[in-house]
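Source file: entry-v2.txt. Holds: compact mmCIF, C-alpha atoms.
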```txt
# COMPACT_ATOMS: atom_id res chain seq x y z
CA MET A 10 5.39 111.55 62.73
CA THR A 11 2.57 113.77 61.52
CA VAL A 12 -0.59 112.45 59.89
CA ASN A 13 -2.72 114.27 57.31
CA PHE A 14 -5.26 115.92 59.62
CA THR A 15 -7.07 117.79 56.83
CA ASN A 16 -8.20 114.55 55.20
CA LEU A 17 -8.67 112.62 58.44
CA VAL A 18 -10.96 115.26 60.03
CA GLN A 19 -13.03 115.58 56.83
CA GLN A 20 -13.57 111.82 56.86
CA GLY A 21 -14.39 111.59 60.57
CA ARG A 22 -11.14 109.78 61.33
CA ALA A 23 -9.69 112.45 63.63
CA ARG A 24 -11.39 114.49 66.35
CA SER A 25 -10.23 117.90 65.12
CA PRO A 26 -7.17 119.39 63.40
CA GLY A 27 -4.17 118.28 65.46
CA VAL A 28 -6.21 116.06 67.79
CA LEU A 29 -6.58 112.32 67.23
CA TRP A 30 -9.41 110.23 68.58
CA THR A 31 -8.61 108.30 71.73
CA ASN A 32 -8.87 104.53 71.22
CA GLU A 33 -12.24 104.52 73.04
CA GLU A 34 -13.66 107.39 70.98
CA TRP A 35 -12.51 105.78 67.73
CA ALA A 36 -14.13 102.49 68.78
CA ALA A 37 -17.35 104.45 69.43
CA VAL A 38 -17.21 106.07 65.95
CA CYS A 39 -16.76 102.64 64.32
CA THR A 40 -19.55 101.06 66.42
CA LEU A 41 -22.05 103.83 65.64
CA THR A 42 -21.15 103.70 61.94
CA LYS A 43 -21.71 99.96 61.77
CA GLU A 44 -24.53 99.35 64.25
CA CYS A 45 -26.62 102.44 63.47
CA ASN A 46 -25.92 102.26 59.73
CA ILE A 47 -24.90 105.91 59.44
CA GLU A 48 -22.04 107.60 57.64
CA ARG A 49 -18.73 107.78 59.49
CA VAL A 50 -18.70 111.59 59.41
CA ILE A 51 -22.13 111.68 61.08
CA ALA A 52 -21.06 109.11 63.68
CA ALA A 53 -18.00 111.28 64.33
CA ASP A 54 -20.24 114.31 64.99
CA PHE A 55 -22.31 112.32 67.51
CA VAL A 56 -19.16 111.17 69.32
CA ARG A 57 -17.82 114.75 69.38
CA ASN A 58 -21.15 115.67 71.05
CA GLY A 59 -20.59 113.03 73.74
CA ILE A 60 -22.93 110.37 72.33
CA LYS A 61 -20.75 107.27 72.34
CA THR A 62 -23.07 104.27 72.61
CA VAL A 63 -25.81 102.81 70.43
CA GLU A 64 -28.34 103.29 73.26
CA ASP A 65 -27.44 106.97 73.65
CA TYR A 66 -27.60 107.42 69.88
CA LYS A 67 -31.13 105.95 69.78
CA LYS A 68 -32.25 108.21 72.63
CA ALA A 69 -30.75 111.24 70.87
CA VAL A 70 -32.49 110.40 67.60
CA GLU A 71 -35.82 109.91 69.42
CA LYS A 72 -35.47 113.41 70.83
CA LYS A 73 -34.61 114.71 67.35
CA PHE A 74 -31.17 115.84 68.52
CA VAL A 75 -28.98 117.22 65.76
CA PRO A 76 -25.29 117.08 66.70
CA GLN A 77 -23.26 120.23 66.36
CA THR A 78 -20.64 119.91 63.64
CA LEU A 79 -17.00 120.82 64.11
CA ASP A 80 -17.40 123.90 61.90
CA GLU A 81 -20.46 125.08 63.84
CA ALA A 82 -18.68 124.53 67.15
CA THR A 83 -15.61 126.46 65.93
CA GLU A 84 -17.81 129.33 64.79
CA GLU A 85 -19.64 129.38 68.14
CA VAL A 86 -16.39 129.42 70.11
CA ALA A 87 -15.10 132.32 67.98
CA LYS A 88 -18.31 134.29 68.60
CA THR A 89 -18.20 133.58 72.35
CA MET A 90 -14.60 134.76 72.55
CA GLU A 91 -15.37 137.94 70.62
CA ALA A 92 -18.43 138.62 72.80
CA LYS A 93 -16.33 138.28 75.98
CA GLY A 94 -13.85 140.85 74.70
CA ALA A 95 -16.62 143.23 73.64
CA GLU A 96 -18.29 142.89 77.07
CA VAL A 97 -15.09 143.80 78.91
CA VAL A 98 -14.52 146.85 76.73
CA SER A 99 -18.10 148.14 77.11
CA THR A 100 -18.32 147.58 80.91
CA PRO A 101 -17.34 150.68 82.96
CA GLU A 102 -16.43 148.69 86.14
CA LYS A 103 -12.99 147.34 86.69
CA VAL A 104 -12.50 143.73 85.87
CA SER A 105 -11.71 141.65 88.97
CA GLY A 106 -8.09 140.65 89.13
CA ALA A 107 -6.95 143.64 87.08
CA VAL A 108 -3.71 145.36 88.09
CA THR A 109 -4.38 148.43 90.24
CA GLU A 110 -2.04 151.29 90.85
CA HIS A 111 -0.74 151.81 94.41
CA LYS A 112 1.04 154.89 95.61
CA SER A 113 4.07 154.26 97.75
CA LYS A 114 3.62 155.32 101.37
CA LYS A 115 7.32 155.80 101.82
CA LYS A 116 8.45 159.38 101.66
CA ILE A 117 11.46 160.13 99.61
CA LYS A 118 13.96 162.07 101.65
CA MET B 7 56.04 106.33 75.96
CA ALA B 8 53.28 108.95 76.22
CA ILE B 9 50.97 109.66 73.28
CA THR B 10 51.63 113.18 72.04
CA THR B 11 49.91 115.47 69.54
CA ALA B 12 52.19 113.99 66.91
CA ASP B 13 50.28 110.72 67.43
CA PHE B 14 46.90 112.39 66.91
CA ASN B 15 46.39 110.96 63.43
CA THR B 16 47.66 107.50 64.34
CA LEU B 17 45.34 107.36 67.35
CA THR B 18 42.39 108.56 65.25
CA LEU B 19 43.02 105.75 62.77
CA LYS B 20 43.23 103.24 65.61
CA LEU B 21 40.05 104.59 67.17
CA ASN B 22 38.23 104.38 63.84
CA GLU B 23 39.33 100.76 63.57
CA TRP B 24 37.95 99.98 67.05
CA TYR B 25 34.80 101.92 66.26
CA ASN B 26 34.26 99.91 63.07
CA GLU B 27 34.89 96.60 64.88
CA ALA B 28 32.46 97.44 67.68
CA THR B 29 29.84 98.78 65.28
CA ALA B 30 30.05 95.65 63.10
CA ASP B 31 29.51 93.51 66.23
CA ALA B 32 26.57 95.65 67.34
CA ILE B 33 24.97 95.68 63.90
CA SER B 34 25.08 91.88 63.75
CA GLU B 35 22.91 91.82 66.89
CA TRP B 36 20.65 94.70 65.80
CA VAL B 37 17.27 92.96 65.34
CA GLY B 38 15.41 96.16 64.50
CA LYS B 39 17.21 96.51 61.17
CA ASP B 40 15.63 93.21 60.04
CA LEU B 41 12.12 94.52 60.72
CA PHE B 42 12.39 98.24 60.03
CA ASP B 43 13.20 99.77 56.67
CA CYS B 44 16.47 101.46 57.65
CA GLY B 45 17.30 102.73 54.18
CA GLU B 46 19.17 105.99 53.65
CA THR B 47 17.32 109.13 52.66
CA ASN B 48 18.29 112.70 51.94
CA TRP B 49 14.82 114.04 52.83
CA GLN B 50 14.75 116.01 56.07
CA VAL B 51 10.98 115.41 56.11
CA TYR B 52 10.22 111.87 55.01
CA ASN B 53 6.89 111.68 53.16
CA TYR B 54 4.99 108.42 53.15
CA LEU B 55 1.85 107.41 51.23
CA GLN B 56 -0.14 104.40 52.38
CA LEU B 57 -2.23 102.99 49.54
CA TYR B 58 -5.23 100.77 50.20
CA GLY B 59 -5.75 99.17 46.81
CA ALA B 60 -5.77 101.91 44.22
CA ALA B 61 -4.82 99.60 41.36
CA LYS B 62 -7.15 98.73 38.48
CA PHE B 63 -7.32 95.57 36.36
CA ASP B 64 -10.70 95.09 34.70
CA ARG B 65 -12.16 93.53 31.54
CA ILE B 66 -12.00 95.99 28.67
CA ALA B 67 -14.57 96.27 25.89
CA GLU B 68 -13.24 96.55 22.35
CA GLY B 69 -11.73 99.95 21.74
CA ALA B 70 -12.46 101.11 25.26
CA GLN B 71 -10.05 103.01 27.45
CA PHE B 72 -8.24 101.28 30.29
CA PRO B 73 -9.61 102.20 33.72
CA LEU B 74 -7.33 104.56 35.60
CA ALA B 75 -5.96 103.68 39.00
CA SER B 76 -6.65 106.36 41.57
CA THR B 77 -3.76 108.56 42.56
CA VAL B 78 -5.59 110.27 45.40
CA GLU B 79 -6.54 107.18 47.37
CA GLY B 80 -4.59 106.46 50.53
CA ASP B 81 -3.35 108.19 53.65
CA SER B 82 -0.20 110.22 53.90
CA ALA B 83 2.08 110.95 56.81
CA ASN B 84 5.49 112.45 57.31
CA ALA B 85 8.31 112.17 59.79
CA THR B 86 11.12 114.64 60.41
CA GLN B 87 14.71 113.52 60.85
CA HIS B 88 16.17 114.05 64.32
CA ARG B 89 19.82 114.22 65.26
CA PHE B 90 21.28 111.94 67.91
CA GLY B 91 24.82 111.76 69.17
CA GLY B 92 27.34 111.58 71.95
CA ARG B 93 31.05 112.05 72.44
CA CYS B 94 33.82 110.19 74.14
CA SER B 95 37.00 111.67 75.54
CA VAL B 96 40.51 110.40 75.49
CA THR B 97 41.93 112.20 78.51
CA LYS B 98 45.43 113.54 78.91
CA ASP B 99 46.05 110.89 81.61
CA MET B 100 45.12 108.09 79.24
CA ARG B 101 47.54 109.40 76.66
CA MET B 102 50.25 110.25 79.15
CA PHE B 103 50.33 106.74 80.54
CA ASP B 104 49.56 104.86 77.32
CA ARG B 105 46.31 103.40 78.64
CA TYR B 106 45.33 101.88 75.30
CA ASP B 107 43.06 99.28 76.90
CA GLN B 108 40.90 102.03 78.43
CA ILE B 109 40.85 104.09 75.23
CA GLU B 110 39.77 101.03 73.26
CA GLU B 111 37.03 100.23 75.79
CA ILE B 112 35.62 103.76 75.75
CA VAL B 113 35.37 103.93 71.98
CA LYS B 114 33.94 100.43 71.60
CA ASP B 115 31.39 101.02 74.35
CA ASN B 116 30.22 104.27 72.75
CA ALA B 117 29.85 102.68 69.34
CA GLN B 118 27.94 99.72 70.79
CA PHE B 119 25.73 102.03 72.85
CA ALA B 120 24.66 104.08 69.81
CA ILE B 121 23.38 100.95 68.04
CA ASP B 122 21.83 99.65 71.30
CA ARG B 123 19.83 102.87 71.68
CA ILE B 124 18.61 102.81 68.08
CA ASP B 125 17.59 99.15 68.43
CA GLN B 126 15.75 99.83 71.72
CA SER B 127 13.95 102.85 70.22
CA GLN B 128 12.69 100.58 67.44
CA ALA B 129 11.59 97.88 69.91
CA ASP B 130 9.79 100.56 71.95
CA LEU B 131 7.66 101.52 68.95
CA LEU B 132 6.25 97.97 68.91
CA LEU B 133 5.92 97.74 72.71
CA ASN B 134 4.06 101.07 72.87
CA GLY B 135 1.89 100.25 69.88
CA PHE B 136 -1.22 99.09 71.74
CA THR B 137 -2.59 102.12 73.57
CA SER B 138 -2.74 105.91 73.36
CA THR B 139 -1.51 107.86 70.36
CA SER B 140 2.00 108.73 71.48
CA TYR B 141 4.55 107.87 74.16
CA THR B 142 7.75 109.27 75.63
CA ASP B 143 10.66 107.65 73.83
CA LEU B 144 13.96 106.66 75.43
CA TYR B 145 15.44 110.05 74.53
CA GLY B 146 12.67 111.78 76.52
CA PHE B 147 10.71 113.12 73.54
CA SER B 148 7.17 112.45 72.34
CA GLN B 149 6.98 109.74 69.69
CA SER B 150 3.82 109.05 67.69
CA ASN B 151 2.68 105.42 67.58
CA VAL B 152 -0.16 105.74 65.08
CA SER B 153 -0.18 104.64 61.47
CA PRO B 154 -1.20 107.07 58.71
CA ASP B 155 -4.87 106.12 59.29
CA ALA B 156 -4.57 107.85 62.71
CA VAL B 157 -5.12 104.60 64.60
CA VAL B 158 -2.59 103.12 67.06
CA LEU B 159 -0.15 100.63 65.44
CA PHE B 160 -1.86 97.48 66.78
CA SER B 161 -5.63 97.90 66.61
CA ALA B 162 -8.78 95.99 65.72
CA LEU B 163 -10.09 99.12 63.99
CA HIS B 164 -7.65 100.18 61.27
CA SER B 165 -9.48 102.37 58.78
CA ASN B 166 -9.13 103.63 55.22
CA ASN B 167 -10.19 106.74 53.31
CA LEU B 168 -12.46 104.92 50.87
CA ASN B 169 -15.20 103.43 53.03
CA ALA B 170 -16.03 102.47 56.61
CA ASP B 171 -14.39 99.01 56.46
CA VAL B 172 -11.95 98.21 59.24
CA PHE B 173 -9.31 95.55 59.70
CA SER B 174 -7.41 94.23 62.69
CA ASN B 175 -3.73 93.51 63.17
CA LEU B 176 -4.13 92.25 66.72
CA ILE B 177 -3.14 88.64 67.33
CA THR B 178 -6.27 86.60 68.02
CA ASP B 179 -6.91 83.04 69.17
CA SER B 180 -9.57 80.62 67.93
CA ALA B 181 -12.02 81.92 70.57
CA ALA B 182 -11.65 85.38 68.96
CA ALA B 183 -9.94 86.72 72.10
CA THR B 184 -7.36 89.41 71.33
CA ASN B 185 -3.90 89.73 72.90
CA PRO B 186 -3.58 86.04 73.83
CA ALA B 187 -0.45 84.55 75.35
CA LEU B 188 1.96 82.88 72.89
CA SER B 189 0.38 79.62 71.77
CA ARG B 190 0.10 77.39 68.75
CA ASP B 191 -3.63 78.12 68.55
CA ALA B 192 -3.10 81.89 68.37
CA ILE B 193 -0.37 81.54 65.71
CA VAL B 194 -2.61 79.36 63.53
CA LYS B 195 -5.65 81.65 63.88
CA THR B 196 -3.67 84.84 63.23
CA ARG B 197 -1.95 83.36 60.18
CA ALA B 198 -5.40 82.57 58.76
CA ASN B 199 -6.73 86.06 59.57
CA ALA B 200 -3.75 87.70 57.86
CA ARG B 201 -4.19 85.60 54.74
CA LYS B 202 -7.86 86.62 54.52
CA TYR B 203 -7.11 90.37 54.54
CA LYS B 204 -9.15 92.28 51.98
CA ASP B 205 -8.39 95.79 50.81
CA PRO B 206 -11.22 98.40 50.78
CA ASN B 207 -12.07 97.39 47.20
CA LYS B 208 -12.83 93.88 48.55
CA ALA B 209 -9.81 92.30 46.85
CA ASN B 210 -8.04 89.63 48.89
CA ARG B 211 -4.43 90.69 49.44
CA PRO B 212 -3.01 87.96 51.64
CA THR B 213 -0.32 88.65 54.20
CA VAL B 214 1.80 85.56 54.85
CA LEU B 215 3.00 85.70 58.43
CA ASP B 216 6.18 83.61 58.48
CA THR B 217 8.18 85.33 61.22
CA LEU B 218 7.67 85.09 64.96
CA ILE B 219 9.20 87.89 67.05
CA VAL B 220 9.51 87.14 70.75
CA PRO B 221 11.30 88.49 73.83
CA ALA B 222 14.06 86.34 75.34
CA THR B 223 11.63 85.11 78.00
CA LEU B 224 9.49 83.38 75.36
CA GLU B 225 12.39 81.95 73.30
CA ASP B 226 12.06 78.40 74.61
CA LEU B 227 8.27 78.25 74.24
CA ALA B 228 8.45 79.76 70.75
CA GLU B 229 11.04 77.24 69.58
CA ARG B 230 9.17 74.28 71.05
CA THR B 231 5.89 75.48 69.52
CA VAL B 232 7.36 75.92 66.07
CA TYR B 233 10.21 73.42 65.80
CA SER B 234 8.76 70.35 67.61
CA SER B 235 8.15 67.52 65.19
CA GLY B 236 4.75 66.84 66.85
CA VAL B 237 2.22 69.34 68.19
CA GLN B 238 3.87 70.96 71.21
CA GLY B 239 2.49 69.99 74.62
CA THR B 240 0.40 67.04 73.42
CA PRO B 241 1.11 63.31 73.78
CA ASN B 242 -0.14 62.49 70.28
CA VAL B 243 2.01 61.95 67.24
CA ASP B 244 0.26 64.43 64.99
CA LEU B 245 2.76 66.31 62.86
CA ASN B 246 3.46 69.99 63.52
CA PRO B 247 2.49 71.98 60.41
CA LEU B 248 3.95 75.19 61.84
CA LYS B 249 7.43 73.73 61.50
CA GLY B 250 7.59 74.62 57.83
CA LYS B 251 5.40 77.71 57.91
CA ILE B 252 7.15 79.86 60.48
CA SER B 253 10.50 80.10 58.80
CA ASN B 254 12.10 82.48 61.24
CA ILE B 255 11.98 83.09 65.01
CA LYS B 256 13.53 86.39 66.01
CA VAL B 257 14.47 86.56 69.65
CA TRP B 258 14.67 90.25 70.54
CA SER B 259 15.79 90.76 74.13
CA ARG B 260 14.86 94.45 73.96
CA LEU B 261 11.23 93.35 73.99
CA ASP B 262 11.53 91.94 77.52
CA THR B 263 11.47 95.37 79.16
CA ASN B 264 10.67 98.67 77.48
CA SER B 265 12.81 101.76 78.02
CA ALA B 266 10.36 102.96 80.71
CA ALA B 267 11.34 99.81 82.67
CA THR B 268 7.91 98.18 82.28
CA ASP B 269 7.94 94.38 82.11
CA THR B 270 6.80 93.52 78.59
CA SER B 271 8.10 89.95 78.51
CA ALA B 272 4.71 88.51 77.52
CA TYR B 273 4.48 90.64 74.34
CA TRP B 274 4.94 88.84 71.02
CA PHE B 275 4.57 89.65 67.34
CA MET B 276 4.14 88.01 63.95
CA ALA B 277 5.30 89.50 60.67
CA SER B 278 5.61 88.90 56.99
CA SER B 279 9.35 88.73 56.30
CA LYS B 280 8.73 89.92 52.74
CA ASN B 281 6.66 92.99 53.59
CA VAL B 282 7.29 93.96 57.22
CA LYS B 283 9.55 96.82 56.12
CA LYS B 284 6.51 98.38 54.44
CA SER B 285 4.91 98.56 57.87
CA LEU B 286 7.87 99.72 59.94
CA LYS B 287 10.03 102.57 58.68
CA SER B 288 13.16 104.02 60.16
CA PRO B 289 14.85 106.08 57.47
CA PHE B 290 18.39 107.26 58.20
CA ALA B 291 19.68 110.54 56.82
CA GLN B 292 23.01 109.53 58.35
CA ARG B 293 23.95 106.20 59.86
CA PRO B 294 25.97 106.41 63.13
CA MET B 295 29.49 107.58 62.43
CA MET B 296 32.47 108.80 64.38
CA GLY B 297 33.53 112.33 63.57
CA VAL B 298 36.83 114.13 63.36
CA PRO B 299 38.37 114.59 66.84
CA LYS B 300 38.89 117.91 68.55
CA GLU B 301 41.21 118.87 71.37
CA VAL B 302 39.45 120.58 74.27
CA HIS B 303 41.80 123.26 75.54
CA ASP B 304 40.63 123.57 79.15
CA SER B 305 41.22 119.85 79.79
CA TYR B 306 43.45 118.70 76.91
CA ASN B 307 40.94 115.91 76.31
CA TRP B 308 40.71 114.63 72.76
CA GLU B 309 37.02 114.33 72.02
CA TYR B 310 35.52 112.01 69.42
CA PRO B 311 31.84 112.63 68.53
CA ILE B 312 29.47 109.91 67.27
CA ASP B 313 26.28 111.09 65.63
CA SER B 314 23.40 109.98 63.47
CA TYR B 315 20.15 111.23 61.94
CA TYR B 316 17.09 108.98 61.88
CA THR B 317 13.36 108.88 62.54
CA LEU B 318 10.60 106.33 63.14
CA LEU B 319 7.36 105.98 61.21
CA VAL B 320 4.55 103.45 61.05
CA GLY B 321 3.50 102.48 57.52
CA HIS B 322 0.65 100.23 56.39
CA PRO B 323 0.09 98.08 59.49
CA LYS B 324 -1.18 94.94 57.75
CA ASN B 325 2.24 93.25 57.63
CA ILE B 326 2.82 93.03 61.37
CA PHE B 327 0.52 91.66 64.07
CA GLY B 328 0.99 92.03 67.82
CA SER B 329 -0.18 90.79 71.20
CA THR B 330 0.48 92.00 74.72
CA GLY B 331 -0.01 88.44 75.92
CA ALA B 332 -2.27 89.78 78.64
CA GLY B 333 -5.56 88.55 77.17
CA ALA B 334 -8.38 90.86 75.99
```
Take the structure in this file and express it as structure tokens.
Amino acid sequence: MTVNFTNLVQQGRARSPGVLWTNEEWAAVCTLTKECNIERVIAADFVRNGIKTVEDYKKAVEKKFVPQTLDEATEEVAKTMEAKGAEVVSTPEKVSGAVTEHKSKKKIK
Amino acid sequence: MAITTADFNTLTLKLNEWYNEATADAISEWVGKDLFDCGETNWQVYNYLQLYGAAKFDRIAEGAQFPLASTVEGDSANATQHRFGGRCSVTKDMRMFDRYDQIEEIVKDNAQFAIDRIDQSQADLLLNGFTSTSYTDLYGFSQSNVSPDAVVLFSALHSNNLNADVFSNLITDSAAATNPALSRDAIVKTRANARKYKDPNKANRPTVLDTLIVPATLEDLAERTVYSSGVQGTPNVDLNPLKGKISNIKVWSRLDTNSAATDTSAYWFMASSKNVKKSLKSPFAQRPMMGVPKEVHDSYNWEYPIDSYYTLLVGHPKNIFGSTGAGA
């Protein structure tokens, strides 16, 4: 059975496309929505950022923490991946673990 | 006299007869078909829409237009048909020595087994409906156990796409403890909770829980709780109101142990007999049937395949409530 991830993610009812909330995470989203009187999509962003209790939410708000959204996180991951590739290409040294050529010591008779 | 290829058609007819007899017996004991919507479909991908109260019925001012019910409200899900099957062989030895009793047993056992497996797979969906978001089914594949709202089948936090309201379909006792053991108190409290269900538009849409579904282990307790003329387990002579309200006790022995061999004999469920099939779906693209036989040339076995196409899907979960019986 496949659920409609596009709608569910937009509404904060799934973690990300193809990934459902665990029961504990979903309970945290519902608790933050109700107890902190915030929208479910905002509560979902806090839970995605690891803030899963009312106490942690209050501390985060005090410190003016703005949770990273799923779109921002996706963009950041894409940039990080691109940067890694670019770094490898521009570095003259060999990357550790790369396949090296070995000449055979055996003489062919 | 040995059965020869000339008897192929006669034997096939006989085997079909045995198959039909065995299947009819098995179907009569198939509890899952009473709870799951096992209707036939020709969709390879079965699409389901779970509505939460899209209807409109308001007072209309003179000349005004009727309000339009939403067609975008609700959650959708889909399930793909899978093929299941097996084959049984009538060996050359069986035919050579006219071992009809063995041939009959093989065919009947295969037919019975197909229905047994389907019934157990349906029971497993309920038994695995309390934790996680999927489980390994008895065929060894991953099976989703969430409803279209992306929440596990039995949960205190079922959601909707309209607002942040949640509802529970966990069995609860009068102390508000979830997953209680089977008791009169829990039945009464859960029946009241189900009747008070409100859709996201705040309209009361009562679910009347009139069916108790228990494993064989709880049969006696369930019957005494519901059918006793007085309140079960008490010395008083108070009448037992549940007697007329729970109209059906379904004893489902496949609930005693799940297919992963875990003891689940304390699990129990309550359902609305009228609407439970809206919550539990098991569409069949093909019901189990025995196919045309083939002769296998390297063994001279005559092989008879049995196959079926079906899938499992959780619909709107408000018509079935569950408890692990473990407390909390």
For this session: Do me a favour and pick out the residues of chain A within 6 Å of chain B, using all atoms listed in the file, as a ChimeraX atom specification.
Result: /A:10-13
Exercise. Quick one: residues within 12 Å of B:His303, all atoms listed in the file counted, chain neighbours fewer than 6 positions away excluded, as a list in words?
Worked result: Thr97, Lys98 and Glu309 of chain B
Problem set entry | Given only C-alpha atoms as the counted atoms, nearest of B:Phe119, B:Asn325, B:Gly333, B:Ala129 to B:Arg197 |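 So, comparing all the options, the nearest one is B:Asn325.
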Exercise. Which residues come within 9 Å of A:Cys45, counting all atoms listed in the file, excluding same-chain residues fewer than 3 positions away, as number ranges by chain?
Worked result: A: 40-42, 52, 63, 66-67
For this session: Identify which of the residues A:Val98, A:Cys39, A:Val50, A:Ala92 lies closest to A:Pro76, counting all atoms listed in the file when measuring atom-to-atom distances.
Result: A:Val50
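For the pair atom CA of B:Asp130 and atom CA of B:Ser265, the interatomic distance is 6.9 Å.
The space between atom CA of B:Thr240 and atom CA of B:Lys195 spans 18.5 Å.
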For this session: Please provide the set of residues having any atom within 9 Å of B:Ala187, restricted to only C-alpha atoms, with same-chain residues fewer than 5 positions apart removed, written as a list in words.
Result: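 Result of the neighbour search: Ala192, Ala272, Tyr273, Trp274, Ser329, Thr330, Gly331, Ala332 and Gly333 of chain B.
For the atom pair formed by atom CA of B:Phe90 and atom CA of B:Glu46, the distance is 15.6 Å, given to one decimal.
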For this session: Excluding B:Leu248 and residues on its chain fewer than 5 positions from it, collect all residues at most 10 Å away from it, counting all atoms listed in the file, and give them as a PyMOL selection string.
Result: chain B and resi 190+193-194+216+231-237+253
To box stretch 169-186 of chain B, take all atoms listed in the file, fit an axis-aligned box, add 4 Å on each side, and give centre and edge lengths in Å to one decimal, as AutoDock Vina command-line options.
```
--center_x -9.6 --center_y 92.0 --center_z 63.4 --size_x 20.9 --size_y 30.8 --size_z 28.8
```
Exercise. Contacts of B:Arg211 at 8 Å or less, counting all atoms listed in the file, minus same-chain residues fewer than 4 places along, as a ChimeraX atom specification?
Worked result: /B:201-205
Starting from the incomplete input, reconstruct N, CA and C atoms of stretch 64-82 of chain A and report them as a PDB file, keeping the file's coordinate frame.
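Output saved as selection-v6.pdb:
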```
ATOM      1  N   GLU A  64     -27.155 102.921  72.458  1.00  0.00           N
ATOM      2  CA  GLU A  64     -28.340 103.290  73.260  1.00  0.00           C
ATOM      3  C   GLU A  64     -28.496 104.810  73.310  1.00  0.00           C
ATOM      4  N   ASP A  65     -27.390 105.499  73.590  1.00  0.00           N
ATOM      5  CA  ASP A  65     -27.440 106.970  73.650  1.00  0.00           C
ATOM      6  C   ASP A  65     -27.813 107.557  72.295  1.00  0.00           C
ATOM      7  N   TYR A  66     -27.290 106.942  71.225  1.00  0.00           N
ATOM      8  CA  TYR A  66     -27.600 107.420  69.880  1.00  0.00           C
ATOM      9  C   TYR A  66     -29.109 107.305  69.625  1.00  0.00           C
ATOM     10  N   LYS A  67     -29.687 106.158  70.005  1.00  0.00           N
ATOM     11  CA  LYS A  67     -31.130 105.950  69.780  1.00  0.00           C
ATOM     12  C   LYS A  67     -31.953 106.970  70.557  1.00  0.00           C
ATOM     13  N   LYS A  68     -31.548 107.204  71.804  1.00  0.00           N
ATOM     14  CA  LYS A  68     -32.250 108.210  72.630  1.00  0.00           C
ATOM     15  C   LYS A  68     -32.153 109.588  71.978  1.00  0.00           C
ATOM     16  N   ALA A  69     -30.965 109.926  71.492  1.00  0.00           N
ATOM     17  CA  ALA A  69     -30.750 111.240  70.870  1.00  0.00           C
ATOM     18  C   ALA A  69     -31.617 111.398  69.628  1.00  0.00           C
ATOM     19  N   VAL A  70     -31.695 110.346  68.832  1.00  0.00           N
ATOM     20  CA  VAL A  70     -32.490 110.400  67.600  1.00  0.00           C
ATOM     21  C   VAL A  70     -33.975 110.544  67.945  1.00  0.00           C
ATOM     22  N   GLU A  71     -34.418 109.818  68.975  1.00  0.00           N
ATOM     23  CA  GLU A  71     -35.820 109.910  69.420  1.00  0.00           C
ATOM     24  C   GLU A  71     -36.167 111.357  69.775  1.00  0.00           C
ATOM     25  N   LYS A  72     -35.226 112.021  70.418  1.00  0.00           N
ATOM     26  CA  LYS A  72     -35.470 113.410  70.830  1.00  0.00           C
ATOM     27  C   LYS A  72     -35.135 114.419  69.731  1.00  0.00           C
ATOM     28  N   LYS A  73     -34.905 113.887  68.539  1.00  0.00           N
ATOM     29  CA  LYS A  73     -34.610 114.710  67.350  1.00  0.00           C
ATOM     30  C   LYS A  73     -33.389 115.622  67.562  1.00  0.00           C
ATOM     31  N   PHE A  74     -32.397 115.076  68.264  1.00  0.00           N
ATOM     32  CA  PHE A  74     -31.170 115.840  68.520  1.00  0.00           C
ATOM     33  C   PHE A  74     -30.316 115.879  67.259  1.00  0.00           C
ATOM     34  N   VAL A  75     -29.891 117.075  66.907  1.00  0.00           N
ATOM     35  CA  VAL A  75     -28.980 117.220  65.760  1.00  0.00           C
ATOM     36  C   VAL A  75     -27.608 117.612  66.310  1.00  0.00           C
ATOM     37  N   PRO A  76     -26.604 116.753  66.122  1.00  0.00           N
ATOM     38  CA  PRO A  76     -25.290 117.080  66.700  1.00  0.00           C
ATOM     39  C   PRO A  76     -24.665 118.313  66.050  1.00  0.00           C
ATOM     40  N   GLN A  77     -23.956 119.053  66.876  1.00  0.00           N
ATOM     41  CA  GLN A  77     -23.260 120.230  66.360  1.00  0.00           C
ATOM     42  C   GLN A  77     -22.025 119.754  65.587  1.00  0.00           C
ATOM     43  N   THR A  78     -21.818 120.329  64.414  1.00  0.00           N
ATOM     44  CA  THR A  78     -20.640 119.910  63.640  1.00  0.00           C
ATOM     45  C   THR A  78     -19.411 120.665  64.145  1.00  0.00           C
ATOM     46  N   LEU A  79     -18.260 120.191  63.696  1.00  0.00           N
ATOM     47  CA  LEU A  79     -17.000 120.820  64.110  1.00  0.00           C
ATOM     48  C   LEU A  79     -16.948 122.281  63.655  1.00  0.00           C
ATOM     49  N   ASP A  80     -17.407 122.524  62.430  1.00  0.00           N
ATOM     50  CA  ASP A  80     -17.400 123.900  61.900  1.00  0.00           C
ATOM     51  C   ASP A  80     -18.323 124.808  62.715  1.00  0.00           C
ATOM     52  N   GLU A  81     -19.514 124.280  63.045  1.00  0.00           N
ATOM     53  CA  GLU A  81     -20.460 125.080  63.840  1.00  0.00           C
ATOM     54  C   GLU A  81     -19.889 125.378  65.227  1.00  0.00           C
ATOM     55  N   ALA A  82     -19.264 124.349  65.816  1.00  0.00           N
ATOM     56  CA  ALA A  82     -18.680 124.530  67.150  1.00  0.00           C
ATOM     57  C   ALA A  82     -17.552 125.567  67.120  1.00  0.00           C
TER      58      ALA A  82
END
```
